[in-house]
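With PDB, C-alpha atoms inside, this is upload-v2.pdb:
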ATOM      1  CA  MET U 803     122.750 113.249 160.324
ATOM      2  CA  ALA U 804     120.151 110.489 160.607
ATOM      3  CA  GLU U 805     118.168 109.607 157.514
ATOM      4  CA  GLU U 806     114.484 110.437 157.571
ATOM      5  CA  ILE U 807     111.918 107.705 158.144
ATOM      6  CA  LEU U 808     109.290 107.228 155.442
ATOM      7  CA  ILE U 809     105.984 105.657 156.500
ATOM      8  CA  ARG U 810     104.136 104.150 153.542
ATOM      9  CA  PRO U 811     101.758 101.343 152.590
ATOM     10  CA  SER U 812     103.536  98.018 152.285
ATOM     11  CA  ARG U 813     104.127  96.480 148.867
ATOM     12  CA  ASP U 814     104.601  92.917 147.703
ATOM     13  CA  ASP U 815     108.375  93.428 147.539
ATOM     14  CA  ASP U 816     108.412  94.364 151.250
ATOM     15  CA  VAL U 817     107.369  90.887 152.364
ATOM     16  CA  ALA U 818     110.896  89.435 152.583
ATOM     17  CA  PRO U 819     112.178  92.180 154.935
ATOM     18  CA  ILE U 820     108.906  92.027 156.904
ATOM     19  CA  ALA U 821     109.416  88.268 157.307
ATOM     20  CA  ALA U 822     113.027  88.824 158.415
ATOM     21  CA  ILE U 823     112.005  91.394 161.056
ATOM     22  CA  TYR U 824     109.225  89.163 162.351
ATOM     23  CA  GLY U 825     111.436  86.077 162.224
ATOM     24  CA  HIS U 826     113.987  87.721 164.514
ATOM     25  CA  HIS U 827     111.260  88.501 167.070
ATOM     26  CA  VAL U 828     109.859  84.967 166.830
ATOM     27  CA  LEU U 829     113.283  83.443 167.496
ATOM     28  CA  HIS U 830     114.527  85.884 170.130
ATOM     29  CA  GLY U 831     111.516  87.471 171.824
ATOM     30  CA  ILE U 832     108.173  86.839 173.440
ATOM     31  CA  ALA U 833     106.104  89.434 171.577
ATOM     32  CA  SER U 834     104.944  86.592 169.334
ATOM     33  CA  PHE U 835     103.991  83.201 170.693
ATOM     34  CA  GLU U 836     105.080  81.525 167.469
ATOM     35  CA  GLU U 837     108.222  79.418 167.863
ATOM     36  CA  ALA U 838     109.256  78.980 164.222
ATOM     37  CA  PRO U 839     109.404  81.937 161.833
ATOM     38  CA  PRO U 840     106.811  81.712 159.069
ATOM     39  CA  SER U 841     108.090  81.484 155.509
ATOM     40  CA  VAL U 842     108.082  84.483 153.201
ATOM     41  CA  ALA U 843     105.183  82.845 151.335
ATOM     42  CA  GLU U 844     103.184  82.523 154.559
ATOM     43  CA  MET U 845     103.917  86.144 155.497
ATOM     44  CA  ALA U 846     102.774  87.168 152.002
ATOM     45  CA  ARG U 847      99.541  85.237 152.531
ATOM     46  CA  ARG U 848      98.959  86.891 155.909
ATOM     47  CA  ARG U 849      99.685  90.357 154.527
ATOM     48  CA  GLY U 850      97.422  89.693 151.535
ATOM     49  CA  ASP U 851      94.568  88.765 153.862
ATOM     50  CA  ILE U 852      94.915  92.023 155.825
ATOM     51  CA  VAL U 853      95.304  94.243 152.751
ATOM     52  CA  GLY U 854      92.519  92.405 150.923
ATOM     53  CA  ARG U 855      90.121  93.278 153.735
ATOM     54  CA  GLY U 856      90.942  96.978 153.413
ATOM     55  CA  PHE U 857      93.036  97.345 156.551
ATOM     56  CA  PRO U 858      96.223  99.424 156.630
ATOM     57  CA  TYR U 859      99.504  97.485 156.505
ATOM     58  CA  LEU U 860     102.338 100.023 156.674
ATOM     59  CA  VAL U 861     106.123  99.899 156.653
ATOM     60  CA  ALA U 862     108.761 102.300 157.894
ATOM     61  CA  GLU U 863     111.629 102.766 155.491
ATOM     62  CA  ARG U 864     114.992 104.416 156.136
ATOM     63  CA  GLY U 865     117.534 104.770 153.355
ATOM     64  CA  GLY U 866     115.574 102.390 151.127
ATOM     65  CA  ARG U 867     115.495  99.662 153.819
ATOM     66  CA  VAL U 868     112.348  98.452 155.621
ATOM     67  CA  VAL U 869     112.999  98.939 159.354
ATOM     68  CA  GLY U 870     109.571  98.158 160.777
ATOM     69  CA  TYR U 871     105.969  97.399 159.985
ATOM     70  CA  CYS U 872     102.570  97.822 161.567
ATOM     71  CA  TYR U 873      99.053  96.851 160.616
ATOM     72  CA  ALA U 874      95.558  96.619 161.990
ATOM     73  CA  GLY U 875      93.243  93.707 161.477
ATOM     74  CA  PRO U 876      90.033  92.348 162.884
ATOM     75  CA  TYR U 877      90.048  91.813 166.634
ATOM     76  CA  ARG U 878      87.738  88.814 166.402
ATOM     77  CA  ALA U 879      85.680  87.218 163.636
ATOM     78  CA  ARG U 880      82.199  87.496 165.154
ATOM     79  CA  ILE U 881      80.034  90.287 163.734
ATOM     80  CA  GLY U 882      79.632  92.080 167.063
ATOM     81  CA  TYR U 883      83.355  92.943 167.002
ATOM     82  CA  ARG U 884      83.221  94.574 163.544
ATOM     83  CA  PHE U 885      84.080  98.050 164.884
ATOM     84  CA  THR U 886      87.118  96.851 166.839
ATOM     85  CA  VAL U 887      90.590  96.243 165.446
ATOM     86  CA  GLU U 888      93.809  94.810 166.837
ATOM     87  CA  ASP U 889      97.200  96.239 166.005
ATOM     88  CA  SER U 890     100.439  94.411 165.344
ATOM     89  CA  ILE U 891     103.814  96.126 165.212
ATOM     90  CA  TYR U 892     107.387  94.896 164.842
ATOM     91  CA  ILE U 893     110.553  96.952 164.529
ATOM     92  CA  ASP U 894     113.989  95.867 163.293
ATOM     93  CA  GLU U 895     115.938  95.021 166.456
ATOM     94  CA  ARG U 896     118.652  97.547 165.500
ATOM     95  CA  GLU U 897     116.094 100.353 165.240
ATOM     96  CA  ILE U 898     114.128  99.983 168.487
ATOM     97  CA  GLY U 899     113.893 103.169 170.539
ATOM     98  CA  ARG U 900     114.224 105.586 167.612
ATOM     99  CA  GLY U 901     110.589 106.664 167.255
ATOM    100  CA  ILE U 902     109.761 104.295 164.417
ATOM    101  CA  GLY U 903     107.100 102.436 166.376
ATOM    102  CA  ARG U 904     105.396 105.680 167.368
ATOM    103  CA  ALA U 905     105.352 106.911 163.758
ATOM    104  CA  LEU U 906     103.983 103.617 162.417
ATOM    105  CA  LEU U 907     101.340 103.009 165.069
ATOM    106  CA  SER U 908     100.177 106.645 165.010
ATOM    107  CA  GLU U 909      99.551 106.401 161.279
ATOM    108  CA  VAL U 910      97.714 103.075 161.582
ATOM    109  CA  ILE U 911      95.537 104.554 164.364
ATOM    110  CA  ASP U 912      94.685 107.558 162.194
ATOM    111  CA  ARG U 913      93.816 105.377 159.219
ATOM    112  CA  VAL U 914      91.507 102.955 161.023
ATOM    113  CA  ALA U 915      89.808 105.810 162.884
ATOM    114  CA  ALA U 916      89.140 107.501 159.515
ATOM    115  CA  GLN U 917      87.618 104.232 158.266
ATOM    116  CA  GLY U 918      85.125 104.294 161.144
ATOM    117  CA  TYR U 919      86.565 101.776 163.583
ATOM    118  CA  ARG U 920      85.862 102.666 167.219
ATOM    119  CA  GLN U 921      88.202 100.619 169.400
ATOM    120  CA  MET U 922      91.731  99.279 169.065
ATOM    121  CA  ILE U 923      93.122  96.389 171.088
ATOM    122  CA  ALA U 924      96.786  95.584 171.648
ATOM    123  CA  VAL U 925      97.707  92.091 172.804
ATOM    124  CA  ILE U 926     101.301  92.281 174.012
ATOM    125  CA  GLY U 927     103.319  89.150 174.677
ATOM    126  CA  GLY U 928     105.025  89.364 178.063
ATOM    127  CA  SER U 929     104.468  91.729 180.982
ATOM    128  CA  GLU U 930     108.173  92.590 180.692
ATOM    129  CA  THR U 931     107.857  93.770 177.076
ATOM    130  CA  LEU U 932     108.113  97.349 178.303
ATOM    131  CA  PRO U 933     108.981  99.073 175.000
ATOM    132  CA  SER U 934     105.681  97.925 173.473
ATOM    133  CA  ILE U 935     103.677  98.623 176.636
ATOM    134  CA  ARG U 936     105.178 102.127 176.892
ATOM    135  CA  LEU U 937     104.608 102.824 173.190
ATOM    136  CA  HIS U 938     100.948 101.892 173.414
ATOM    137  CA  ALA U 939     100.478 103.885 176.648
ATOM    138  CA  ALA U 940     102.090 106.955 175.027
ATOM    139  CA  LEU U 941      99.535 106.718 172.211
ATOM    140  CA  GLY U 942      96.525 106.632 174.519
ATOM    141  CA  PHE U 943      96.102 102.938 175.256
ATOM    142  CA  ALA U 944      95.141 101.888 178.785
ATOM    143  CA  GLN U 945      96.021  98.514 180.218
ATOM    144  CA  ILE U 946      92.769  96.636 180.631
ATOM    145  CA  GLY U 947      94.081  93.334 181.868
ATOM    146  CA  VAL U 948      96.759  90.704 182.029
ATOM    147  CA  PHE U 949      96.292  87.048 181.253
ATOM    148  CA  PRO U 950      98.983  85.569 183.457
ATOM    149  CA  ALA U 951     100.947  82.570 182.198
ATOM    150  CA  ILE U 952      98.711  82.127 179.137
ATOM    151  CA  GLY U 953     101.547  81.242 176.762
ATOM    152  CA  PHE U 954     104.585  79.008 176.988
ATOM    153  CA  LYS U 955     107.794  79.882 175.170
ATOM    154  CA  PHE U 956     111.517  79.435 175.786
ATOM    155  CA  GLY U 957     110.772  76.960 178.573
ATOM    156  CA  ARG U 958     108.711  79.366 180.651
ATOM    157  CA  TRP U 959     105.228  80.758 181.058
ATOM    158  CA  VAL U 960     104.498  84.109 179.424
ATOM    159  CA  ASP U 961     101.745  86.641 180.186
ATOM    160  CA  SER U 962      99.645  88.523 177.653
ATOM    161  CA  VAL U 963      98.999  92.191 178.400
ATOM    162  CA  TYR U 964      95.791  93.612 176.953
ATOM    163  CA  MET U 965      95.589  97.320 176.205
ATOM    164  CA  GLN U 966      92.787  99.307 174.567
ATOM    165  CA  ARG U 967      92.094 102.772 173.214
ATOM    166  CA  ALA U 968      89.081 104.452 171.702
ATOM    167  CA  LEU U 969      89.212 105.533 168.056
ATOM    168  CA  GLY U 970      87.366 108.644 166.891
ATOM    169  CA  PRO U 971      84.269 109.108 169.064
ATOM    170  CA  GLY U 972      84.735 105.648 170.598
ATOM    171  CA  GLN U 973      81.558 104.486 172.280
ATOM    172  CA  ALA U 974      80.083 108.025 172.601
ATOM    173  CA  THR U 975      77.918 107.610 169.488
ATOM    174  CA  LEU U 976      76.482 104.789 167.453
ATOM    175  CA  PRO U 977      78.790 103.646 164.644
ATOM    176  CA  GLN U 978      78.305 103.958 160.917
ATOM    177  CA  GLU U 979      79.292 101.088 158.670
ATOM    178  CA  ILE U 980      83.031 100.896 157.947
ATOM    179  CA  ALA U 981      84.375 102.841 154.981
ATOM    180  CA  HIS U 982      87.407 101.047 153.532
ATOM    181  CA  GLY U 983      89.607 103.310 151.510
TER     182      GLY U 983
END

Taking this structure as input, can you express it in the form of structure tokens?
Amino acid sequence: MAEEILIRPSRDDDVAPIAAIYGHHVLHGIASFEEAPPSVAEMARRRGDIVGRGFPYLVAERGGRVVGYCYAGPYRARIGYRFTVEDSIYIDEREIGRGIGRALLSEVIDRVAAQGYRQMIAVIGGSETLPSIRLHAALGFAQIGVFPAIGFKFGRWVDSVYMQRALGPGQATLPQEIAHG
């Protein structure tokens, strides 16, 4: 019988496994356009920035082991984008296809919608990154565009796929200021 997945807020002691998961994807995939895995200290700094701004940064844990993580952060810095967030999600390569991504991203969506954000953007490295594209589509994201050959990794050009979904009432009503909680 498979062990249950626990979705919870990340903690400081999760940073090393988060860095290991991300590092694998940096070295072996095109979801990230980084070419060298960031250090644990750099990943801690990045996580601290997200958490310090009041955004959700969640992990999936199975049997006491972190098997994935997902967070939302600002889409862009300019004030006009303050109601839009961008998600980021990475799953342990041995755990892909087991529903962990859906559980993580669903919870992040719920949390940012409850905070008052109105749109979520996904920027997916590689048109062929079908697991991520399918995950986002299953959770209500629509593909809004492709930037062909915008990145270069592993000796080849890589697309970026942009997907978007409304949060809460989306653009149907004027927003309230964001409630971080």

For this session: Using all atoms listed in the file, pick whichever of U:Pro933, U:Pro811, U:Gly825, U:Gly882 has the shortest atom-to-atom distance to Glu909 (chain U).
Result: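 Distance minimum relative to Glu909 (chain U) lands on U:Pro811.
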
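Taking all atoms listed in the file into account, those protein, DNA and RNA residues with any atom at most 9 Å away from (99.5, 91.2, 166.4) amount to Ala833, Ser834, Cys872, Tyr873, Ala874, Gly875, Glu888, Asp889, Ser890, Ile891, Tyr892, Ala924, Val925 and Ile926 of chain U.
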
Excluding His938 (chain U) and residues on its chain fewer than 2 positions from it, collect all residues at most 10 Å away from it, counting all atoms listed in the file, and give them as an mmCIF file with C-alpha atoms, in the coordinates of the input.
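Writing the result to out-v9.cif gives the following:
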data_model
loop_
_atom_site.group_PDB
_atom_site.id
_atom_site.type_symbol
_atom_site.label_atom_id
_atom_site.label_comp_id
_atom_site.auth_asym_id
_atom_site.auth_seq_id
_atom_site.Cartn_x
_atom_site.Cartn_y
_atom_site.Cartn_z
ATOM 1 C CA GLY U 903 107.100 102.436 166.376
ATOM 2 C CA ARG U 904 105.396 105.680 167.368
ATOM 3 C CA LEU U 907 101.340 103.009 165.069
ATOM 4 C CA SER U 908 100.177 106.645 165.010
ATOM 5 C CA ILE U 923 93.122 96.389 171.088
ATOM 6 C CA ALA U 924 96.786 95.584 171.648
ATOM 7 C CA ILE U 926 101.301 92.281 174.012
ATOM 8 C CA LEU U 932 108.113 97.349 178.303
ATOM 9 C CA PRO U 933 108.981 99.073 175.000
ATOM 10 C CA SER U 934 105.681 97.925 173.473
ATOM 11 C CA ILE U 935 103.677 98.623 176.636
ATOM 12 C CA ARG U 936 105.178 102.127 176.892
ATOM 13 C CA ALA U 940 102.090 106.955 175.027
ATOM 14 C CA LEU U 941 99.535 106.718 172.211
ATOM 15 C CA GLY U 942 96.525 106.632 174.519
ATOM 16 C CA PHE U 943 96.102 102.938 175.256
ATOM 17 C CA ALA U 944 95.141 101.888 178.785
ATOM 18 C CA GLN U 945 96.021 98.514 180.218
ATOM 19 C CA MET U 965 95.589 97.320 176.205
ATOM 20 C CA GLN U 966 92.787 99.307 174.567
ATOM 21 C CA ARG U 967 92.094 102.772 173.214
#

Exercise. Which of these residues is nearest to Leu906 (chain U), using only C-alpha atoms: U:Asp816, U:Val948, U:Leu937, U:Gly957?
Worked result: U:Leu937

For this session: Name every residue that the PyMOL selection byres ((chain U and resi 902) around 10) selects in this structure, writing the answer as a ChimeraX atom specification with chains first and numbers rising.
Result: /U:807-809,861-864,869-871,892-894,897-901,903-908
